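Everything on this sheet refers to the single structure shown next.
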Amino acid sequence: MYKSIFIATDASKNALRAVKEVIHLNCTDIHVTLVYVKDARATRDSILHDEESISHKEKVLNALQESIDFLEDNDIRYEVKLLHGEVHEVLIEKMNNGNYDVAIIGRTGKSILKDLMIGSVSKKMIKAANIPVLVVN
């Protein structure tokens with residue numbers, strides 16, 4: 001059924017649940033691409049030095065380690081892409097142009113009503129998707 005799976009991650013617990021959802025798809029010989037996007041707005045007013053950039057990359061990889069461990073423990077092939085830009089724009093571009101069969105995203109609303117809403121990035125991805133999108137609660 002699904003062979004190539006796109007997972008948008010922010011290294012949160014919701015994103016980890018999205019990674020773990022792969023097991024419930026009951027697919028064999030799959031390849032997962034974990035995509036993390038550093039928000040361009042966070043660095044727009046400052047220039048990152050190489051050391052800061054490397055430090056951020058290490059922090060992200062450490063935060064993603066639980067997801068990576070899960071994939072490795074379940075013999076799931078994967079790759080990690082650490083990107084930079086407007087989060088929703090980069091995720092949508094990569095999701096729609098990456099030859100994926102399905103996207104899995106965590107629901108991460110950041111408003112007061114976060115338990116009732118899907119996050120704005122998730123909503124934008126769902127609206128723009130050319131592939132099925134599974135939203136994990």
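In the structure tokens, chains take letters A, B, ... by order of appearance, with residues numbered from 1 within each chain and ligands from 1 in the order shown.
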Residues near A:Leu91, cut-off 12 Å, only C-alpha atoms, skip fewer than 3 positions along chain, as a PyMOL selection string: chain A and resi 6-10+33-39+81-88+94-98+103-105+121-126+128-129
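Comparing A:Glu66, A:Val80, A:Val90, A:Val136 by their smallest distance to A:His31, the closest is A:Val80 (using only C-alpha atoms).
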d(atom CA of A:Asp75, atom CA of A:Ser55) in Å: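 Spanning atom CA of A:Asp75 to atom CA of A:Ser55 is a straight-line distance of 28.6 Å.
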Selected residue of minimal separation from A:Ile23 among A:Ser120, A:Asn74, A:Asn130, A:Ser67, counting only C-alpha atoms: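 With only C-alpha atoms as the atom set, the closest residue is A:Asn74.
Among the candidates A:Val135, A:Leu64, A:Ile92, A:Ala40, the one nearest to A:Val22 when counting only C-alpha atoms is A:Val135.
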Secondary structure check, helix (DSSP H, G or I) residues of chain A, as a PyMOL selection string: chain A and resi 13-25+40-43+50-73+87-97+120-128
Between atom CA of A:Tyr78 and atom CA of A:Arg107, distance in Å (one decimal): 21.7 Å
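Ranking A:Leu16, A:Ile76, A:Ile5, A:Ala63 by their shortest atom-to-atom distance to A:Ile131, with only C-alpha atoms included, puts A:Ile5 first.
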